[in-house]
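For reference, protein.cif (mmCIF, C-alpha atoms and all ligand atoms):
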data_upload
#
loop_
_atom_site.label_atom_id
_atom_site.label_comp_id
_atom_site.auth_asym_id
_atom_site.auth_seq_id
_atom_site.Cartn_x
_atom_site.Cartn_y
_atom_site.Cartn_z
CA MET A 1 41.90 44.54 27.97
CA ASN A 2 41.29 42.28 30.94
CA THR A 3 37.56 41.85 31.35
CA ILE A 4 36.32 39.69 34.19
CA ASN A 5 34.17 36.78 33.14
CA GLN A 6 33.17 33.67 35.03
CA GLU A 7 33.36 30.16 33.68
CA ILE A 8 30.81 27.41 34.12
CA ARG A 9 31.73 23.76 33.73
CA ALA A 10 29.75 21.44 31.50
CA ALA A 11 29.08 17.89 32.76
CA ASN A 12 32.31 16.71 31.09
CA GLY A 13 34.39 19.40 32.85
CA VAL A 14 34.84 21.72 29.85
CA LYS A 15 34.79 25.37 30.94
CA ILE A 16 32.39 27.76 29.23
CA PRO A 17 32.65 31.55 29.67
CA GLN A 18 29.36 32.54 31.29
CA ILE A 19 29.01 35.71 29.21
CA GLY A 20 29.15 35.19 25.49
CA PHE A 21 28.26 37.32 22.50
CA GLY A 22 25.37 36.37 20.18
CA VAL A 23 25.72 37.32 16.54
CA TYR A 24 22.19 36.70 15.27
CA LYS A 25 20.94 39.54 13.04
CA LEU A 26 24.42 41.00 12.65
CA THR A 27 24.26 40.49 8.94
CA LYS A 28 25.76 43.64 7.43
CA GLU A 29 29.48 43.11 7.04
CA GLU A 30 30.54 46.49 8.38
CA GLU A 31 28.26 46.30 11.40
CA PHE A 32 29.47 42.78 12.10
CA GLU A 33 33.12 43.82 11.92
CA THR A 34 32.62 46.74 14.31
CA ALA A 35 30.57 44.78 16.83
CA VAL A 36 32.59 41.58 16.91
CA GLY A 37 35.91 43.44 16.64
CA GLU A 38 34.91 45.55 19.63
CA ALA A 39 33.65 42.52 21.56
CA ILE A 40 36.99 40.74 21.11
CA ARG A 41 38.90 43.89 22.06
CA ILE A 42 36.84 44.28 25.24
CA GLY A 43 37.46 40.68 26.24
CA TYR A 44 34.60 38.52 24.98
CA ARG A 45 35.92 35.13 23.93
CA HIS A 46 32.67 33.19 23.70
CA PHE A 47 30.70 33.66 20.45
CA ASP A 48 27.38 32.16 19.46
CA THR A 49 26.52 31.71 15.80
CA ALA A 50 24.52 29.25 13.68
CA LYS A 51 24.45 28.17 10.06
CA ILE A 52 21.11 29.92 9.62
CA TYR A 53 22.52 33.30 10.74
CA GLY A 54 24.66 33.34 7.59
CA ASN A 55 27.64 34.91 9.34
CA GLU A 56 29.91 32.00 10.30
CA LYS A 57 32.43 33.08 7.68
CA ASN A 58 32.51 36.65 9.01
CA LEU A 59 32.98 35.39 12.56
CA GLY A 60 35.88 33.21 11.44
CA LYS A 61 37.47 36.22 9.74
CA GLU A 62 37.20 38.43 12.84
CA ILE A 63 38.66 35.72 15.05
CA GLN A 64 41.62 35.30 12.71
CA LYS A 65 42.08 39.04 12.41
CA SER A 66 42.43 39.32 16.20
CA ARG A 67 45.60 37.16 16.13
CA ILE A 68 44.49 35.68 19.44
CA SER A 69 45.02 31.92 19.55
CA ARG A 70 42.12 29.68 18.63
CA GLU A 71 42.26 27.94 22.02
CA GLU A 72 41.31 31.15 23.81
CA PHE A 73 37.98 31.30 22.00
CA PHE A 74 34.82 29.40 22.74
CA ILE A 75 32.84 29.08 19.52
CA THR A 76 29.31 27.72 19.23
CA SER A 77 27.37 26.90 16.09
CA LYS A 78 24.21 24.92 15.42
CA VAL A 79 22.79 22.26 13.11
CA TRP A 80 19.92 23.75 11.15
CA ASN A 81 16.53 22.05 10.60
CA THR A 82 17.32 21.12 7.00
CA ASP A 83 20.47 19.22 8.02
CA HIS A 84 18.97 16.66 10.36
CA GLY A 85 20.01 13.01 10.06
CA TYR A 86 23.36 11.26 10.48
CA GLU A 87 25.04 11.99 7.13
CA ALA A 88 23.60 15.47 6.69
CA THR A 89 24.78 16.53 10.14
CA LYS A 90 28.33 15.33 9.51
CA LYS A 91 28.33 17.28 6.25
CA ALA A 92 26.86 20.39 7.88
CA PHE A 93 29.45 20.22 10.65
CA GLY A 94 32.25 20.08 8.07
CA GLU A 95 30.83 23.08 6.21
CA THR A 96 30.45 25.09 9.41
CA CYS A 97 34.07 24.40 10.40
CA LYS A 98 35.21 25.38 6.92
CA LYS A 99 33.31 28.68 7.05
CA LEU A 100 34.63 29.45 10.51
CA ASN A 101 38.08 28.28 9.43
CA VAL A 102 38.50 26.07 12.50
CA GLU A 103 39.46 22.43 13.08
CA TYR A 104 37.02 21.91 15.95
CA LEU A 105 34.01 23.58 17.58
CA ASP A 106 33.78 24.30 21.28
CA MET A 107 30.07 23.73 21.20
CA TYR A 108 27.66 22.37 18.60
CA LEU A 109 23.92 22.41 19.21
CA ILE A 110 20.84 20.99 17.52
CA HIS A 111 19.01 24.24 16.69
CA PHE A 112 15.49 22.81 16.98
CA ALA A 113 14.02 19.42 17.86
CA SER A 114 12.92 18.83 14.27
CA PRO A 115 12.22 15.28 13.04
CA HIS A 116 15.26 12.94 12.97
CA TYR A 117 17.08 14.69 15.77
CA ILE A 118 18.00 11.30 17.27
CA GLU A 119 20.09 10.45 14.17
CA THR A 120 21.52 13.95 14.24
CA TRP A 121 22.60 13.34 17.81
CA ARG A 122 24.33 10.07 16.83
CA ALA A 123 26.52 12.04 14.41
CA MET A 124 27.23 14.62 17.08
CA GLU A 125 28.21 11.95 19.61
CA GLU A 126 30.71 10.55 17.11
CA LEU A 127 32.17 13.98 16.37
CA TYR A 128 32.43 14.58 20.11
CA LEU A 129 34.23 11.27 20.71
CA GLU A 130 36.63 12.14 17.87
CA GLY A 131 37.45 15.40 19.70
CA LYS A 132 35.97 17.60 17.00
CA ILE A 133 33.36 19.10 19.34
CA LYS A 134 34.13 19.84 22.99
CA VAL A 135 30.54 20.24 24.23
CA ILE A 136 27.42 18.83 22.55
CA GLY A 137 23.96 20.10 23.26
CA VAL A 138 20.60 21.25 22.04
CA ALA A 139 18.57 24.42 21.66
CA ASN A 140 14.86 25.05 21.97
CA PHE A 141 14.28 21.57 23.39
CA GLU A 142 11.38 21.07 25.77
CA ILE A 143 11.34 18.46 28.53
CA GLN A 144 9.78 15.77 26.35
CA HIS A 145 12.44 16.22 23.63
CA ILE A 146 15.28 15.96 26.12
CA ALA A 147 13.76 12.91 27.77
CA GLU A 148 13.35 11.26 24.35
CA LEU A 149 16.92 12.13 23.38
CA MET A 150 18.29 10.72 26.62
CA ARG A 151 16.39 7.47 26.07
CA HIS A 152 18.16 7.01 22.73
CA SER A 153 21.63 8.34 23.35
CA LYS A 154 24.94 7.23 24.84
CA ILE A 155 25.92 10.76 25.82
CA PRO A 156 23.28 13.03 27.35
CA PRO A 157 23.02 16.63 26.09
CA MET A 158 25.26 18.93 28.11
CA ILE A 159 23.40 22.18 27.51
CA ASN A 160 20.05 23.52 26.31
CA GLN A 161 19.94 27.00 24.77
CA ILE A 162 16.45 28.43 25.24
CA GLU A 163 14.59 31.74 25.25
CA THR A 164 14.92 33.07 28.79
CA HIS A 165 14.38 36.51 30.33
CA PRO A 166 12.53 37.91 33.36
CA GLU A 167 9.16 37.69 31.61
CA PHE A 168 9.84 34.12 30.53
CA PRO A 169 12.19 32.59 33.11
CA GLN A 170 11.56 28.95 32.10
CA ASN A 171 11.29 27.89 35.75
CA GLU A 172 10.04 24.36 35.13
CA LEU A 173 12.53 23.60 32.35
CA HIS A 174 15.30 25.24 34.38
CA ASP A 175 14.67 22.90 37.32
CA TYR A 176 14.61 19.90 35.00
CA LEU A 177 17.94 20.93 33.46
CA VAL A 178 19.54 21.43 36.88
CA GLU A 179 18.26 18.02 38.01
CA HIS A 180 19.80 16.34 34.95
CA LYS A 181 23.09 18.30 35.10
CA ILE A 182 22.35 19.98 31.79
CA LEU A 183 23.44 23.61 31.57
CA HIS A 184 20.87 26.30 30.90
CA GLU A 185 21.89 28.89 28.30
CA ALA A 186 19.64 31.87 27.66
CA TRP A 187 18.96 33.27 24.24
CA ALA A 188 17.21 36.65 24.15
CA PRO A 189 18.54 37.26 27.69
CA LEU A 190 17.41 40.89 27.35
CA GLY A 191 14.03 39.96 25.94
CA GLN A 192 15.36 41.05 22.54
CA GLY A 193 15.76 44.58 23.86
CA ASN A 194 12.03 45.01 24.43
CA LYS A 195 11.37 48.61 25.48
CA ALA A 196 8.70 47.78 28.07
CA LEU A 197 11.01 45.31 29.80
CA LEU A 198 14.00 47.67 29.74
CA GLY A 199 11.76 50.47 30.98
CA ASN A 200 10.19 48.46 33.80
CA ALA A 201 9.88 50.61 36.94
CA GLU A 202 10.96 47.88 39.38
CA LEU A 203 14.06 47.09 37.34
CA LYS A 204 14.85 50.80 37.08
CA LYS A 205 14.72 51.12 40.88
CA ILE A 206 17.13 48.21 41.32
CA ALA A 207 19.41 49.64 38.61
CA TYR A 208 19.45 53.03 40.32
CA HIS A 209 20.35 51.42 43.63
CA HIS A 210 23.38 49.65 42.12
CA ASN A 211 24.32 52.48 39.77
CA LYS A 212 23.93 50.09 36.82
CA THR A 213 21.71 49.98 33.75
CA VAL A 214 18.52 47.94 33.58
CA ALA A 215 20.20 45.68 31.01
CA GLN A 216 22.99 44.94 33.50
CA ILE A 217 20.45 44.13 36.22
CA ILE A 218 18.67 41.65 33.94
CA LEU A 219 21.94 40.05 32.87
CA ARG A 220 23.16 39.85 36.46
CA TRP A 221 19.88 38.11 37.41
CA HIS A 222 20.69 35.41 34.84
CA VAL A 223 24.25 35.12 36.13
CA GLN A 224 23.03 34.56 39.69
CA ARG A 225 20.65 31.86 38.44
CA GLY A 226 23.73 30.06 37.04
CA ILE A 227 22.67 30.62 33.45
CA ILE A 228 25.03 31.18 30.51
CA ILE A 229 24.06 34.28 28.51
CA ILE A 230 24.81 35.49 25.00
CA PRO A 231 23.42 39.04 24.66
CA LYS A 232 23.70 40.63 21.23
CA SER A 233 24.40 44.28 20.56
CA SER A 234 25.67 46.24 17.60
CA LYS A 235 26.68 49.18 19.81
CA PRO A 236 30.15 49.34 21.37
CA GLU A 237 28.98 50.98 24.62
CA ARG A 238 26.32 48.32 25.15
CA ILE A 239 28.69 45.52 24.22
CA LYS A 240 30.93 46.80 27.00
CA GLU A 241 28.19 47.21 29.60
CA ASN A 242 26.78 43.74 28.89
CA ILE A 243 29.94 42.06 30.16
CA GLN A 244 30.51 44.29 33.19
CA LEU A 245 28.50 42.16 35.55
CA PHE A 246 30.89 40.96 38.21
CA ASP A 247 31.40 44.03 40.37
CA PHE A 248 28.00 43.95 42.06
CA GLU A 249 25.50 41.47 43.44
CA LEU A 250 21.70 41.39 43.63
CA SER A 251 20.24 40.63 47.03
CA SER A 252 17.83 37.73 47.42
CA GLU A 253 15.06 40.28 47.81
CA GLU A 254 16.00 41.89 44.47
CA MET A 255 16.21 38.46 42.81
CA GLY A 256 12.73 37.77 44.18
CA LYS A 257 11.36 41.00 42.76
CA ILE A 258 12.75 40.19 39.31
CA ASN A 259 11.30 36.68 39.56
CA GLN A 260 7.89 38.30 39.98
CA LEU A 261 8.12 39.81 36.48
CA ASN A 262 7.29 36.39 35.04
CA THR A 263 4.32 36.85 32.71
CA GLY A 264 4.89 33.71 30.64
CA LYS A 265 5.39 35.92 27.59
CA ARG A 266 7.73 34.74 24.87
CA TYR A 267 9.23 37.32 22.56
CA SER A 268 9.71 34.71 19.88
CA HIS A 269 7.76 31.78 18.46
CA SER A 270 7.23 28.68 20.51
CA PRO A 271 9.90 26.20 19.35
CA THR A 272 7.26 23.57 18.71
CA GLY A 273 5.47 25.83 16.21
CA TYR A 274 8.73 26.67 14.46
CA MET A 275 10.03 23.22 13.88
CA ILE A 276 6.94 21.56 12.48
CA SER A 277 6.33 24.01 9.67
CA PRO A 278 7.47 22.29 6.44
CA LEU A 279 6.96 25.51 4.46
CA TYR A 280 9.25 27.38 6.82
CA ASN A 281 11.93 24.72 6.44
CA LYS A 282 11.56 24.74 2.66
CA LEU A 283 11.98 28.51 2.51
CA MET A 284 14.99 28.35 4.81
CA LYS A 285 16.62 25.75 2.58
CA ILE A 286 16.36 28.11 -0.36
CA PHE A 287 17.45 31.08 1.71
CA ILE A 288 20.64 29.59 3.12
CA LYS A 289 22.00 28.10 -0.12
P1 LIG B 1 18.91 39.87 23.18
O1 LIG B 1 18.06 39.62 24.36
O2 LIG B 1 20.36 39.64 23.27
O3 LIG B 1 18.61 41.35 22.73
C1 LIG B 1 19.25 41.98 21.67
C2 LIG B 1 18.59 43.34 21.51
O4 LIG B 1 18.79 44.10 22.70
C3 LIG B 1 19.12 44.14 20.37
O5 LIG B 1 18.04 44.81 19.78
C4 LIG B 1 20.07 45.15 21.04
O6 LIG B 1 20.05 46.35 20.31
C5 LIG B 1 19.43 45.34 22.41
N1 LIG B 1 20.45 45.53 23.46
C6 LIG B 1 21.58 44.84 23.66
N2 LIG B 1 22.26 45.28 24.74
C7 LIG B 1 21.52 46.30 25.24
C8 LIG B 1 21.71 47.17 26.34
N3 LIG B 1 22.77 47.07 27.13
N4 LIG B 1 20.75 48.11 26.56
C9 LIG B 1 19.68 48.21 25.76
N5 LIG B 1 19.45 47.43 24.71
C10 LIG B 1 20.37 46.46 24.43
O7 LIG B 1 18.23 39.00 22.00
P2 LIG B 1 18.77 38.11 20.80
O8 LIG B 1 17.56 37.58 20.15
O9 LIG B 1 19.72 38.82 19.96
O10 LIG B 1 19.51 36.90 21.53
C11 LIG B 1 20.90 36.87 21.79
C12 LIG B 1 21.58 35.77 21.01
O11 LIG B 1 20.97 34.52 21.28
C13 LIG B 1 21.49 35.89 19.50
O12 LIG B 1 22.36 36.86 18.96
C14 LIG B 1 21.80 34.49 19.07
O13 LIG B 1 23.20 34.25 19.10
C15 LIG B 1 21.10 33.66 20.13
N6 LIG B 1 19.74 33.24 19.70
C16 LIG B 1 19.48 31.89 19.61
C17 LIG B 1 18.26 31.44 19.20
C18 LIG B 1 18.03 29.99 19.10
O14 LIG B 1 17.00 29.58 18.51
N7 LIG B 1 18.90 29.13 19.60
C19 LIG B 1 17.18 32.34 18.83
C20 LIG B 1 17.51 33.75 18.98
C21 LIG B 1 18.75 34.15 19.42
P3 LIG B 1 21.40 46.97 19.64
O15 LIG B 1 21.99 45.91 18.76
O16 LIG B 1 20.87 48.15 18.92
O17 LIG B 1 22.28 47.32 20.81
#
Could you render the structure from this file as structure tokens?
Ligand code: NDP
Amino acid sequence: MNTINQEIRAANGVKIPQIGFGVYKLTKEEEFETAVGEAIRIGYRHFDTAKIYGNEKNLGKEIQKSRISREEFFITSKVWNTDHGYEATKKAFGETCKKLNVEYLDMYLIHFASPHYIETWRAMEELYLEGKIKVIGVANFEIQHIAELMRHSKIPPMINQIETHPEFPQNELHDYLVEHKILHEAWAPLGQGNKALLGNAELKKIAYHHNKTVAQIILRWHVQRGIIIIPKSSKPERIKENIQLFDFELSSEEMGKINQLNTGKRYSHSPTGYMISPLYNKLMKIFIK
């Protein structure tokens, strides 16, 4: 199947498919197989996982099963909070590659700006220079974390993966990323499927006008902002609709109306709260063993 997708270039020229598929919370093996199998069949080639999702091995299996060459895929994983530091990151990277059954990663991100992320970055820079990672970046970093990282690094981060949706568009951070040539990637691009957001009257009107679903309108809004998106769905029909975004365009007036939905509401925890909880990290360490 030949699905249209756009590519966005990272600062080093590497092309990233703008629509990817997020696999967080796809933990049941059967559900995972159906969703990812369908995504590959439809034409998704960009997949976003993380050590903490516990499904790197399943993703590797589905990719192999497809018999499509490794080079056609764009695979992202992330360093978890318990693996910060130079040695631990190198080890975690090796384990992730082993689970995914790959020799290199297209993208590797620091999942949260937990303590020691500067040393983590040093390991990632080395892996990048050895050709084992094509794009290095961060997730859930705020401006001060990026600024600190750039002060201590040889290679600046190429991407920041952050919660972004119409209610939480991250305008200030977005402008900062654009200014520093760091790509903006949205997690929870659909506001985690929040019913109020997907039922919003203004979005419904725009969707009706374009003969599209509200989800497609939201995703198209991200696309026109130049953001990379990784919506997750376990349902084949939604997986298909989430990548059919290139046969219509939102007018500047429609973009403006969606911009007005900004309420500053996150659907998830603030990254700063997440990363400083030692109890949370301790529990996660037990959980992911
Ligand atoms: P999303 O915004 O992608 O929303 C997913 C939810 O929306 C699911 O409940 C899904 O339900 C529903 N949904 C999907 N498509 C549609 C549609 N077309 N119409 C209606 N409902 C729909 O949130 P996620 O939190 O899953 O984020 C996406 C990805 O981002 C994750 O999978 C993960 O890879 C990454 N992520 C990264 C984080 C980080 O810290 N770096 C944190 C969280 C996520 P259903 O499955 O039933 O279709």
Within 8 Å of ligand LIG 1 (chain B), counting only C-alpha atoms and all ligand atoms, which protein or nucleic acid residues do you find, written as a PyMOL selection string? chain A and resi 21-26+47-50+78+111-112+139-140+161-163+165+186-194+198+213-216+229-235+237-239+241-242+268+271
When you look at Val102 of chain A with a cut-off of 12 Å (counting only C-alpha atoms), what residues show up, excluding the ones that are within fewer than 6 positions of it in the same chain? I need them as number ranges by chain. A: 56-57, 59-61, 63-64, 69-71, 73-77, 93-96, 132-133
Would you please work out which residue, of A:Asn262, A:Thr164, A:Gln6, A:Asn12, is nearest to Tyr128 of chain A when using only C-alpha atoms?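 Smallest separation from Tyr128 of chain A among the options: A:Asn12.
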One number please: atom CA of Val223 of chain A to atom CA of Ala196 of chain A, in Å, one decimal.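 These atoms are spaced 21.6 Å apart.
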I want to know what sits within 6 Å of Val138 of chain A, based on all atoms listed in the file, with residues of the same chain fewer than 3 positions away left out; could you give that as a list in words?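 In the requested form, the answer reads Leu109, Ile110 and Asn160 of chain A.
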Between A:Ser252, A:Ser66, A:Asn200, A:Ser114, which is the closest to Gln224 of chain A once you count all atoms listed in the file? A:Ser252
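In this model, the gap between atom CA of Ser251 of chain A and atom CA of Ala207 of chain A comes to 12.4 Å.
Residue nearest Trp121 of chain A within the list A:Lys28, A:His84, A:His174, A:His209: A:His84 [criterion: smallest interatomic distance, all atoms listed in the file].
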Quick one, how far is atom CA of Glu103 of chain A from atom CA of Gly20 of chain A? 20.6 Å
Non-local contacts of Glu72 of chain A (12 Å; all atoms listed in the file; under 5 positions in same chain excluded) as an mmCIF file with C-alpha atoms, in the coordinates of the input:
data_model
loop_
_atom_site.group_PDB
_atom_site.id
_atom_site.type_symbol
_atom_site.label_atom_id
_atom_site.label_comp_id
_atom_site.auth_asym_id
_atom_site.auth_seq_id
_atom_site.Cartn_x
_atom_site.Cartn_y
_atom_site.Cartn_z
ATOM 1 C CA LYS A 15 34.790 25.370 30.940
ATOM 2 C CA ILE A 16 32.390 27.760 29.230
ATOM 3 C CA PRO A 17 32.650 31.550 29.670
ATOM 4 C CA ILE A 40 36.990 40.740 21.110
ATOM 5 C CA GLY A 43 37.460 40.680 26.240
ATOM 6 C CA TYR A 44 34.600 38.520 24.980
ATOM 7 C CA ARG A 45 35.920 35.130 23.930
ATOM 8 C CA HIS A 46 32.670 33.190 23.700
ATOM 9 C CA PHE A 47 30.700 33.660 20.450
ATOM 10 C CA ILE A 63 38.660 35.720 15.050
ATOM 11 C CA GLN A 64 41.620 35.300 12.710
ATOM 12 C CA SER A 66 42.430 39.320 16.200
ATOM 13 C CA ARG A 67 45.600 37.160 16.130
ATOM 14 C CA ASP A 106 33.780 24.300 21.280
#
For Leu245 of chain A, the nearest of the candidates A:Thr89, A:Asn171, A:Lys205, A:Arg220, counting all atoms listed in the file: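 With all atoms listed in the file as the atom set, the closest residue is A:Arg220.
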What's the 9 Å shell around Tyr86 of chain A, counting only C-alpha atoms, without same-chain residues fewer than 4 positions away, as an MDAnalysis selection string? chainID A and resid 90:91 116:124
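Excluding His180 of chain A itself and same-chain residues fewer than 2 positions from it, the residues having an atom within 12 Å of it are Ala10, Ala11, Ile143, Ile146, Ala147, Met150, Pro156, Pro157, Met158, Ile159, Asn160, Leu173, His174, Asp175, Tyr176, Leu177, Val178, Ile182, Leu183 and His184 of chain A, counting only C-alpha atoms.
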Kindly output segment 130-157 of chain A as a PDB file, keeping the file's coordinate frame, after building N, CA and C atoms.
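In the end it all went to result35.pdb:
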ATOM      1  N   GLU A 130      35.421  11.913  18.691  1.00  0.00           N
ATOM      2  CA  GLU A 130      36.630  12.140  17.870  1.00  0.00           C
ATOM      3  C   GLU A 130      37.361  13.414  18.275  1.00  0.00           C
ATOM      4  N   GLY A 131      36.801  14.165  19.226  1.00  0.00           N
ATOM      5  CA  GLY A 131      37.450  15.400  19.700  1.00  0.00           C
ATOM      6  C   GLY A 131      37.181  16.603  18.826  1.00  0.00           C
ATOM      7  N   LYS A 132      36.238  16.482  17.900  1.00  0.00           N
ATOM      8  CA  LYS A 132      35.970  17.600  17.000  1.00  0.00           C
ATOM      9  C   LYS A 132      34.978  18.607  17.564  1.00  0.00           C
ATOM     10  N   ILE A 133      34.267  18.188  18.615  1.00  0.00           N
ATOM     11  CA  ILE A 133      33.360  19.100  19.340  1.00  0.00           C
ATOM     12  C   ILE A 133      33.641  18.884  20.826  1.00  0.00           C
ATOM     13  N   LYS A 134      33.795  19.982  21.558  1.00  0.00           N
ATOM     14  CA  LYS A 134      34.130  19.840  22.990  1.00  0.00           C
ATOM     15  C   LYS A 134      32.880  19.671  23.864  1.00  0.00           C
ATOM     16  N   VAL A 135      31.783  20.322  23.456  1.00  0.00           N
ATOM     17  CA  VAL A 135      30.540  20.240  24.230  1.00  0.00           C
ATOM     18  C   VAL A 135      29.384  20.044  23.234  1.00  0.00           C
ATOM     19  N   ILE A 136      28.575  19.020  23.445  1.00  0.00           N
ATOM     20  CA  ILE A 136      27.420  18.830  22.550  1.00  0.00           C
ATOM     21  C   ILE A 136      26.125  19.119  23.306  1.00  0.00           C
ATOM     22  N   GLY A 137      25.208  19.745  22.592  1.00  0.00           N
ATOM     23  CA  GLY A 137      23.960  20.100  23.260  1.00  0.00           C
ATOM     24  C   GLY A 137      22.842  20.392  22.277  1.00  0.00           C
ATOM     25  N   VAL A 138      21.809  20.995  22.818  1.00  0.00           N
ATOM     26  CA  VAL A 138      20.600  21.250  22.040  1.00  0.00           C
ATOM     27  C   VAL A 138      20.139  22.689  22.285  1.00  0.00           C
ATOM     28  N   ALA A 139      19.188  23.109  21.469  1.00  0.00           N
ATOM     29  CA  ALA A 139      18.570  24.420  21.660  1.00  0.00           C
ATOM     30  C   ALA A 139      17.074  24.271  21.433  1.00  0.00           C
ATOM     31  N   ASN A 140      16.313  25.039  22.141  1.00  0.00           N
ATOM     32  CA  ASN A 140      14.860  25.050  21.970  1.00  0.00           C
ATOM     33  C   ASN A 140      14.209  23.685  22.240  1.00  0.00           C
ATOM     34  N   PHE A 141      14.855  22.863  23.045  1.00  0.00           N
ATOM     35  CA  PHE A 141      14.280  21.570  23.390  1.00  0.00           C
ATOM     36  C   PHE A 141      13.399  21.745  24.633  1.00  0.00           C
ATOM     37  N   GLU A 142      12.246  21.082  24.602  1.00  0.00           N
ATOM     38  CA  GLU A 142      11.380  21.070  25.770  1.00  0.00           C
ATOM     39  C   GLU A 142      11.651  19.758  26.520  1.00  0.00           C
ATOM     40  N   ILE A 143      11.026  19.632  27.689  1.00  0.00           N
ATOM     41  CA  ILE A 143      11.340  18.460  28.530  1.00  0.00           C
ATOM     42  C   ILE A 143      11.141  17.145  27.766  1.00  0.00           C
ATOM     43  N   GLN A 144      10.036  17.054  27.022  1.00  0.00           N
ATOM     44  CA  GLN A 144       9.780  15.770  26.350  1.00  0.00           C
ATOM     45  C   GLN A 144      10.842  15.449  25.291  1.00  0.00           C
ATOM     46  N   HIS A 145      11.395  16.470  24.645  1.00  0.00           N
ATOM     47  CA  HIS A 145      12.440  16.220  23.630  1.00  0.00           C
ATOM     48  C   HIS A 145      13.730  15.733  24.299  1.00  0.00           C
ATOM     49  N   ILE A 146      14.045  16.350  25.425  1.00  0.00           N
ATOM     50  CA  ILE A 146      15.280  15.960  26.120  1.00  0.00           C
ATOM     51  C   ILE A 146      15.148  14.534  26.652  1.00  0.00           C
ATOM     52  N   ALA A 147      13.979  14.257  27.219  1.00  0.00           N
ATOM     53  CA  ALA A 147      13.760  12.910  27.770  1.00  0.00           C
ATOM     54  C   ALA A 147      13.884  11.875  26.647  1.00  0.00           C
ATOM     55  N   GLU A 148      13.295  12.176  25.501  1.00  0.00           N
ATOM     56  CA  GLU A 148      13.350  11.260  24.350  1.00  0.00           C
ATOM     57  C   GLU A 148      14.800  11.095  23.883  1.00  0.00           C
ATOM     58  N   LEU A 149      15.520  12.181  23.816  1.00  0.00           N
ATOM     59  CA  LEU A 149      16.920  12.130  23.380  1.00  0.00           C
ATOM     60  C   LEU A 149      17.739  11.273  24.353  1.00  0.00           C
ATOM     61  N   MET A 150      17.499  11.463  25.643  1.00  0.00           N
ATOM     62  CA  MET A 150      18.290  10.720  26.620  1.00  0.00           C
ATOM     63  C   MET A 150      17.981   9.214  26.573  1.00  0.00           C
ATOM     64  N   ARG A 151      16.760   8.892  26.194  1.00  0.00           N
ATOM     65  CA  ARG A 151      16.390   7.470  26.070  1.00  0.00           C
ATOM     66  C   ARG A 151      17.158   6.795  24.935  1.00  0.00           C
ATOM     67  N   HIS A 152      17.551   7.590  23.929  1.00  0.00           N
ATOM     68  CA  HIS A 152      18.160   7.010  22.730  1.00  0.00           C
ATOM     69  C   HIS A 152      19.619   7.384  22.543  1.00  0.00           C
ATOM     70  N   SER A 153      20.253   7.887  23.574  1.00  0.00           N
ATOM     71  CA  SER A 153      21.630   8.340  23.350  1.00  0.00           C
ATOM     72  C   SER A 153      22.601   7.720  24.325  1.00  0.00           C
ATOM     73  N   LYS A 154      23.888   7.727  23.921  1.00  0.00           N
ATOM     74  CA  LYS A 154      24.940   7.230  24.840  1.00  0.00           C
ATOM     75  C   LYS A 154      25.394   8.389  25.711  1.00  0.00           C
ATOM     76  N   ILE A 155      25.442   9.574  25.088  1.00  0.00           N
ATOM     77  CA  ILE A 155      25.920  10.760  25.820  1.00  0.00           C
ATOM     78  C   ILE A 155      24.736  11.728  25.965  1.00  0.00           C
ATOM     79  N   PRO A 156      24.398  12.089  27.195  1.00  0.00           N
ATOM     80  CA  PRO A 156      23.280  13.030  27.350  1.00  0.00           C
ATOM     81  C   PRO A 156      23.660  14.433  26.886  1.00  0.00           C
ATOM     82  N   PRO A 157      22.692  15.245  26.476  1.00  0.00           N
ATOM     83  CA  PRO A 157      23.020  16.630  26.090  1.00  0.00           C
ATOM     84  C   PRO A 157      23.615  17.366  27.288  1.00  0.00           C
TER      85      PRO A 157
END
